[in-house]
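Text of work04.txt, listed as compact mmCIF, C-alpha atoms:
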```txt
# COMPACT_ATOMS: atom_id res chain seq x y z
CA MET Q 1 28.74 6.62 -9.29
CA SER Q 2 30.11 3.93 -11.59
CA GLY Q 3 28.17 0.99 -12.95
CA ASP Q 4 30.14 -1.39 -10.75
CA ASP Q 5 29.08 0.47 -7.61
CA LEU Q 6 25.44 0.16 -8.60
CA ILE Q 7 25.72 -3.57 -9.16
CA GLU Q 8 27.33 -3.98 -5.74
CA SER Q 9 24.44 -2.19 -4.09
CA LEU Q 10 21.78 -4.21 -5.93
CA GLU Q 11 19.58 -5.78 -3.26
CA GLY Q 12 17.03 -7.42 -5.50
CA ILE Q 13 15.52 -7.56 -8.96
CA TYR Q 14 11.87 -8.45 -9.37
CA HIS Q 15 10.27 -9.45 -12.67
CA ILE Q 16 6.66 -8.45 -13.18
CA GLN Q 17 4.26 -9.89 -15.73
CA GLY Q 18 1.72 -7.47 -17.16
CA ARG Q 19 -1.95 -8.12 -16.40
CA ASP Q 20 -1.09 -10.56 -13.59
CA PHE Q 21 -3.64 -9.04 -11.25
CA VAL Q 22 -3.93 -11.85 -8.70
CA ASP Q 23 -0.44 -11.38 -7.32
CA ALA Q 24 -0.39 -7.58 -7.60
CA GLY Q 25 1.40 -6.19 -4.57
CA ILE Q 26 3.56 -9.22 -3.93
CA VAL Q 27 6.74 -7.38 -4.96
CA SER Q 28 5.99 -4.65 -2.42
CA SER Q 29 5.59 -7.30 0.29
CA GLU Q 30 8.82 -9.04 -0.77
CA VAL Q 31 10.75 -5.76 -0.89
CA LYS Q 32 9.52 -4.88 2.59
CA LYS Q 33 10.57 -8.27 3.96
CA SER Q 34 14.00 -7.94 2.37
CA LEU Q 35 14.58 -4.51 3.96
CA GLN Q 36 13.70 -5.58 7.48
CA GLY Q 37 16.54 -6.43 9.84
CA LYS Q 38 18.98 -4.16 8.03
CA GLY Q 39 18.82 -1.27 10.44
CA ILE Q 40 16.62 0.81 8.14
CA PRO Q 41 13.95 2.79 10.08
CA GLU Q 42 10.43 1.36 9.81
CA SER Q 43 9.07 4.69 8.56
CA ILE Q 44 11.53 4.61 5.64
CA ILE Q 45 10.64 0.99 4.86
CA ARG Q 46 6.95 1.96 4.76
CA ARG Q 47 7.67 4.70 2.21
CA ILE Q 48 9.63 2.27 0.04
CA ALA Q 49 6.83 -0.31 0.30
CA VAL Q 50 4.30 2.30 -0.90
CA ILE Q 51 6.50 3.42 -3.80
CA THR Q 52 7.13 -0.17 -4.87
CA PHE Q 53 3.43 -1.04 -4.58
CA GLU Q 54 2.32 1.77 -6.86
CA ALA Q 55 5.15 1.13 -9.36
CA GLU Q 56 4.23 -2.54 -9.45
CA ILE Q 57 0.55 -1.76 -10.04
CA ASN Q 58 1.51 0.53 -12.92
CA ILE Q 59 3.59 -2.17 -14.64
CA ILE Q 60 0.87 -4.79 -14.19
CA SER Q 61 -1.78 -2.39 -15.42
CA TYR Q 62 -0.13 -1.03 -18.53
CA ALA Q 63 2.92 -3.01 -19.65
CA GLN Q 64 3.54 -6.44 -21.10
CA GLN Q 65 6.32 -6.90 -18.58
CA GLY Q 66 8.76 -5.00 -16.47
CA THR Q 67 11.22 -5.09 -13.61
CA ILE Q 68 11.68 -3.40 -10.29
CA GLN Q 69 15.24 -3.13 -9.00
CA LEU Q 70 16.13 -2.26 -5.47
CA PHE Q 71 19.50 -0.77 -4.54
CA ILE Q 72 20.71 -0.07 -1.04
CA GLU Q 73 23.31 2.67 -0.88
CA PRO Q 74 24.98 3.84 2.34
CA ASP Q 75 22.74 6.92 2.46
CA ALA Q 76 19.70 6.02 0.37
CA VAL Q 77 17.51 3.31 -1.09
CA ILE Q 78 16.90 3.50 -4.82
CA ILE Q 79 13.89 1.93 -6.53
CA GLU Q 80 14.05 1.66 -10.31
CA ALA Q 81 11.05 0.48 -12.32
CA ASN Q 82 11.46 -0.24 -16.02
CA ASP Q 83 8.79 -1.56 -18.32
CA MET Q 84 8.17 -2.46 -21.90
CA GLY Q 85 4.83 -0.81 -22.25
CA PRO Q 86 3.00 1.79 -24.28
CA GLY Q 87 4.88 4.66 -22.64
CA ILE Q 88 3.46 7.95 -21.42
CA ALA Q 89 2.80 10.61 -24.04
CA ASP Q 90 2.32 13.52 -21.63
CA ILE Q 91 4.16 13.07 -18.35
CA ASP Q 92 2.86 16.34 -16.85
CA LEU Q 93 -0.69 15.16 -17.47
CA ALA Q 94 0.04 11.70 -16.05
CA LEU Q 95 1.34 13.33 -12.88
CA GLN Q 96 -1.88 15.26 -12.33
CA GLU Q 97 -3.78 13.76 -9.42
CA GLY Q 98 -6.93 12.10 -10.67
CA TYR Q 99 -5.79 11.64 -14.26
CA SER Q 100 -6.07 7.98 -15.17
CA THR Q 101 -6.38 5.70 -18.16
CA ALA Q 102 -7.03 2.63 -15.99
CA ASP Q 103 -9.66 0.07 -16.89
CA ASP Q 104 -12.10 -1.76 -14.62
CA SER Q 105 -9.76 -4.68 -13.93
CA ILE Q 106 -7.39 -2.23 -12.23
CA ARG Q 107 -10.13 -0.41 -10.36
CA GLU Q 108 -11.36 -3.72 -8.94
CA LEU Q 109 -7.98 -4.07 -7.23
CA GLY Q 110 -8.52 -0.79 -5.40
CA PHE Q 111 -6.29 1.24 -7.71
CA GLY Q 112 -6.64 3.15 -10.98
CA ALA Q 113 -7.86 6.46 -9.58
CA GLY Q 114 -4.97 8.50 -10.92
CA MET Q 115 -3.00 8.62 -7.69
CA GLY Q 116 -0.22 6.10 -8.28
CA LEU Q 117 2.43 8.39 -9.73
CA CYS Q 118 1.48 11.15 -7.28
CA ASN Q 119 1.93 8.75 -4.39
CA ILE Q 120 5.32 7.65 -5.70
CA LYS Q 121 6.39 11.28 -5.99
CA LYS Q 122 4.99 12.14 -2.56
CA PHE Q 123 6.96 9.41 -0.80
CA SER Q 124 10.22 9.91 -2.77
CA ASP Q 125 12.98 12.36 -1.90
CA ILE Q 126 14.05 12.38 -5.54
CA PHE Q 127 11.70 11.30 -8.32
CA GLU Q 128 12.53 10.90 -12.01
CA LEU Q 129 10.18 9.71 -14.71
CA THR Q 130 11.10 9.31 -18.36
CA SER Q 131 9.15 7.61 -21.08
CA GLU Q 132 9.09 6.98 -24.78
CA VAL Q 133 5.81 6.23 -26.49
CA GLY Q 134 5.80 2.69 -27.89
CA GLN Q 135 8.98 1.77 -26.01
CA GLY Q 136 8.34 1.93 -22.29
CA THR Q 137 8.73 3.88 -19.10
CA HIS Q 138 11.59 4.33 -16.65
CA LEU Q 139 10.98 5.44 -13.12
CA LYS Q 140 13.63 6.16 -10.50
CA SER Q 141 12.80 6.93 -6.92
CA ILE Q 142 15.35 7.75 -4.25
CA VAL Q 143 14.52 7.61 -0.57
CA LYS Q 144 17.22 9.08 1.64
CA LEU Q 145 17.99 7.15 4.80
CA ASN Q 146 18.60 10.27 6.83
CA GLY Q 147 15.11 11.57 6.00
CA MET M 1 -9.41 0.01 22.34
CA LYS M 2 -8.55 -3.65 22.08
CA LEU M 3 -9.25 -5.56 18.88
CA SER M 4 -11.58 -7.78 20.91
CA GLU M 5 -13.66 -4.70 21.82
CA ILE M 6 -13.89 -3.73 18.15
CA ARG M 7 -15.09 -7.25 17.42
CA ASP M 8 -17.77 -7.00 20.11
CA LEU M 9 -18.97 -3.51 19.08
CA LEU M 10 -19.55 -4.61 15.49
CA ASN M 11 -20.66 -8.22 16.04
CA ALA M 12 -17.63 -9.08 13.97
CA ARG M 13 -16.16 -12.46 13.22
CA VAL M 14 -12.44 -12.97 13.73
CA ILE M 15 -11.22 -14.55 10.50
CA VAL M 16 -7.48 -14.27 11.18
CA GLY M 17 -5.65 -13.25 14.35
CA GLU M 18 -7.42 -14.91 17.31
CA ASP M 19 -4.06 -14.59 19.07
CA LYS M 20 -3.90 -10.82 18.50
CA LEU M 21 -7.19 -9.74 20.08
CA ASP M 22 -5.33 -7.89 22.84
CA VAL M 23 -3.69 -5.51 20.34
CA GLU M 24 -4.51 -1.89 21.25
CA ILE M 25 -5.84 0.29 18.45
CA THR M 26 -6.51 4.01 18.81
CA THR M 27 -6.93 5.22 15.22
CA ALA M 28 -8.61 4.10 12.01
CA PHE M 29 -8.82 4.81 8.29
CA GLY M 30 -11.77 3.85 6.10
CA ALA M 31 -11.55 3.49 2.30
CA ASP M 32 -12.04 1.10 -0.58
CA LEU M 33 -9.42 2.80 -2.74
CA MET M 34 -6.04 1.37 -1.83
CA SER M 35 -4.15 4.29 -3.36
CA ASP M 36 -5.88 6.50 -0.79
CA VAL M 37 -4.90 4.12 1.98
CA LEU M 38 -1.28 4.08 0.76
CA SER M 39 -1.30 7.86 0.58
CA PHE M 40 -2.94 8.76 3.87
CA ALA M 41 -3.19 5.87 6.35
CA ARG M 42 -0.75 5.60 9.22
CA SER M 43 0.96 2.67 10.87
CA GLY M 44 -0.86 1.00 13.72
CA CYS M 45 -4.34 2.04 12.59
CA LEU M 46 -7.37 -0.11 11.83
CA LEU M 47 -8.20 -0.29 8.12
CA ILE M 48 -11.95 -0.36 7.53
CA THR M 49 -12.67 -1.41 3.97
CA GLY M 50 -15.11 -3.19 1.72
CA LEU M 51 -12.29 -4.39 -0.50
CA SER M 52 -11.62 -8.02 0.35
CA ASN M 53 -8.87 -8.95 -2.08
CA PRO M 54 -5.19 -9.78 -1.57
CA GLN M 55 -4.22 -6.19 -2.43
CA ALA M 56 -6.01 -4.90 0.67
CA VAL M 57 -3.90 -7.22 2.83
CA ARG M 58 -0.70 -6.28 1.03
CA THR M 59 -1.56 -2.58 1.43
CA ALA M 60 -2.01 -3.12 5.18
CA TYR M 61 1.31 -4.95 5.32
CA ALA M 62 3.12 -2.17 3.44
CA LEU M 63 2.02 0.38 6.04
CA ASP M 64 2.22 -1.74 9.23
CA ILE M 65 -1.53 -1.38 9.68
CA ALA M 66 -2.62 -3.19 12.86
CA ALA M 67 -5.70 -4.98 11.50
CA ILE M 68 -8.32 -4.96 8.75
CA LEU M 69 -12.05 -4.76 9.36
CA VAL M 70 -13.90 -5.98 6.28
CA CYS M 71 -17.30 -4.30 6.30
CA ARG M 72 -20.56 -4.73 4.35
CA GLY M 73 -20.32 -8.51 4.75
CA LYS M 74 -18.08 -8.84 1.71
CA SER M 75 -17.23 -12.41 0.80
CA LEU M 76 -13.70 -13.52 1.55
CA THR M 77 -11.63 -15.74 -0.70
CA ASP M 78 -9.24 -18.44 0.50
CA LYS M 79 -6.40 -16.47 -1.09
CA PHE M 80 -7.26 -13.36 0.94
CA ILE M 81 -7.25 -15.33 4.18
CA GLU M 82 -4.08 -17.22 3.26
CA ILE M 83 -2.14 -14.00 2.57
CA ALA M 84 -3.43 -12.36 5.76
CA ARG M 85 -2.18 -15.36 7.75
CA GLU M 86 1.15 -15.33 5.92
CA LEU M 87 1.68 -11.61 6.55
CA GLY M 88 0.29 -11.68 10.09
CA ILE M 89 -2.55 -9.20 9.53
CA PRO M 90 -5.61 -9.81 11.76
CA ILE M 91 -8.92 -9.80 9.86
CA LEU M 92 -12.30 -8.96 11.37
CA TRP M 93 -15.48 -9.31 9.32
CA THR M 94 -18.78 -7.54 9.88
CA ARG M 95 -22.07 -7.09 8.07
CA PHE M 96 -22.27 -3.44 9.18
CA ILE M 97 -21.81 -0.96 6.35
CA MET M 98 -18.77 1.31 6.43
CA PHE M 99 -20.66 4.34 7.78
CA GLU M 100 -22.10 2.37 10.68
CA SER M 101 -18.79 0.67 11.40
CA CYS M 102 -16.92 3.98 11.49
CA GLY M 103 -19.65 5.73 13.47
CA ARG M 104 -19.87 3.11 16.17
CA LEU M 105 -16.09 2.99 16.59
CA PHE M 106 -15.76 6.79 16.62
CA GLN M 107 -18.48 7.02 19.25
CA GLU M 108 -16.44 4.69 21.45
CA GLY M 109 -13.27 6.76 21.13
CA LEU M 110 -11.45 5.65 17.99
CA THR M 111 -10.30 8.62 15.88
CA GLY M 112 -9.14 9.05 12.30
CA CYS M 113 -5.43 8.36 11.84
CA ILE M 114 -5.40 11.71 10.06
CA ARG M 115 -8.24 14.24 10.09
CA LYS M 116 -7.85 16.10 6.81
CA THR M 117 -5.79 15.29 3.75
CA ASP M 118 -3.97 18.61 3.89
CA GLY M 119 -2.63 17.76 7.33
CA THR M 120 -4.38 20.61 9.09
CA GLU M 121 -6.23 19.99 12.34
CA GLU M 122 -3.62 17.44 13.37
CA LYS M 123 -2.57 17.30 16.99
CA THR M 124 0.33 14.99 16.34
CA ILE M 125 1.88 13.46 13.28
CA VAL M 126 2.26 9.76 13.88
CA ARG M 127 4.15 8.66 10.81
```
Whole structure, structure tokens version:
Amino acid sequence: MSGDDLIESLEGIYHIQGRDFVDAGIVSSEVKKSLQGKGIPESIIRRIAVITFEAEINIISYAQQGTIQLFIEPDAVIIEANDMGPGIADIDLALQEGYSTADDSIRELGFGAGMGLCNIKKFSDIFELTSEVGQGTHLKSIVKLNG
Amino acid sequence: MKLSEIRDLLNARVIVGEDKLDVEITTAFGADLMSDVLSFARSGCLLITGLSNPQAVRTAYALDIAAILVCRGKSLTDKFIEIARELGIPILWTRFIMFESCGRLFQEGLTGCIRKTDGTEEKTIVR
């Protein structure tokens, strides 16, 4: 797929400010609204809303800022989350259910129990996570439209 | 069970959704951890929670949850109510604790939207 194709399929780009806890989850709600009425099955939209929610919480919790980009391809929806944050030193450890470095401000939101990345993986058909300590984290989740 | 019956069983106040009291609900999920709700809850269920912040409403919206029952008499902020109205999520509010809320509803026929997290003991998968 060329860069031009990706730009054509860009449905939305959402900027997220780190530590902005009050509006946490708003991107998930906006993404869900934007996907409705496009002939995408409700069950697929729910999965995308969950993935976006957890990705958004991660950016707010750990990074100074970040973006979530949504692409609609003919056969899949792609969610890409990029942040300028501390990065993840040990991705295998971060993907272990229950492992968390969250503080109380995140737990008060109802998150921070070490399930976010697991949930993203669970609801993705294809899940990629790369990170560089001190630089940031890149997450790509693909949800296929044909299940 | 209609939302109005849930209200009556738990002496609940209807905070948002007076016009949706006829909605039929057959399953529920109870948790304060929204990551658990996002992971396990199913569309159309009742979310029973003591978390009364905007994230609870947005979690319910993400999953097409039918309504939220705020238990333990948790205080509600204007922002919480405003977002529930905006997203069309009915809110009931009760002073019953979560255990009592769940127990009374279960006794009257509501069941968990899943039974076990490993998916065993399921009769049907709703998602």
Just give me the residues with any atom within 9 Å of (15.0, -3.4, -15.8), file coordinates, counting all atoms listed in the file, written as a count of residues only.
-> 12
Which residues come within 8 Å of range 52-64 of chain M, counting all atoms listed in the file, excluding same-chain residues fewer than 3 positions away, as number ranges by chain?
-> Q: 22-26, 28-29, 32, 46, 49-50, 53, 109-110; M: 34, 37-38, 41-44, 47, 49, 67-68, 70, 74-77, 79-80, 83-84, 87, 89
Can you list, as number ranges by chain, every protein, DNA or RNA residue that comes within 7 Å of Cys71 in chain M when you count only C-alpha atoms, leaving out same-chain residues fewer than 5 positions away?
-> M: 48-50, 93-98
If we count only C-alpha atoms, which residues of chain Q reach to within 12 Å of chain M? Please list them as a ChimeraX atom specification.
-> /Q:21-33,35-36,41-58,97-98,106-123
To one decimal in Å, tell me the separation between CA of Val23 in chain M and CA of Asn11 in chain M.
->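 Result for CA of Val23 in chain M versus CA of Asn11 in chain M: 17.7 Å, one decimal.
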For Leu10 in chain M, which residue out of M:Thr117, M:Ser101, M:Gln107, M:Thr26 is the nearest one, using all atoms listed in the file?
->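 Of M:Thr117, M:Ser101, M:Gln107, M:Thr26, the one nearest Leu10 in chain M, counting all atoms listed in the file, is M:Ser101.
The shortest atom-to-atom distance to Cys102 in chain M, with all atoms listed in the file taken into account, belongs to M:Thr27 out of M:Met1, M:Asp8, M:Thr27, M:Glu18.
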With 3 Å of padding per side, what axis-aligned box (centre and edge lengths, Å, one decimal) covers all the listed atoms of range 28-40 of chain M? Give it as AutoDock Vina command-line options.
```
--center_x -6.7 --center_y 4.9 --center_z 4.3 --size_x 16.8 --size_y 13.7 --size_z 21.4
```
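Each of Q:Ile142, Q:Val133, Q:Ile16, Q:Ile59 was compared to Gly87 in chain Q using only C-alpha atoms, and Q:Val133 turns out to be the nearest.
Note that CA of Gln96 in chain Q and CA of Ser124 in chain Q are 16.3 Å apart.
Nearest to Tyr62 in chain Q of all the residues Q:Met84, Q:Leu139, Q:Leu10, Q:Leu93 is Q:Met84, based on all atoms listed in the file.
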Please identify all polymer residues within 10 Å of Leu9 in chain M, counting all atoms listed in the file, omitting same-chain residues fewer than 6 positions from it, and present them as a compact mmCIF listing (two decimals) with C-alpha atoms, in the frame of the given file.
```txt
# COMPACT_ATOMS: atom_id res chain seq x y z
CA LEU M 3 -9.25 -5.56 18.88
CA SER M 101 -18.79 0.67 11.40
CA ARG M 104 -19.87 3.11 16.17
CA LEU M 105 -16.09 2.99 16.59
CA GLU M 108 -16.44 4.69 21.45
```
If you measure from CA of Lys38 in chain Q to CA of Cys45 in chain M, what distance in Å do you get, rounded to one decimal?
->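 Rounded to one decimal, the two atoms are 24.6 Å apart.
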Tell me which of Q:Ala94, Q:Leu145, Q:Leu70, Q:Ile88 sits closest to Ser34 in chain Q, counting all atoms listed in the file.
->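 Among the listed residues, Q:Leu70 lies closest to Ser34 in chain Q.
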Contacts of Pro74 in chain Q at 12 Å (all atoms listed in the file; same-chain gap of 5+ positions) as a count of residues only = 12
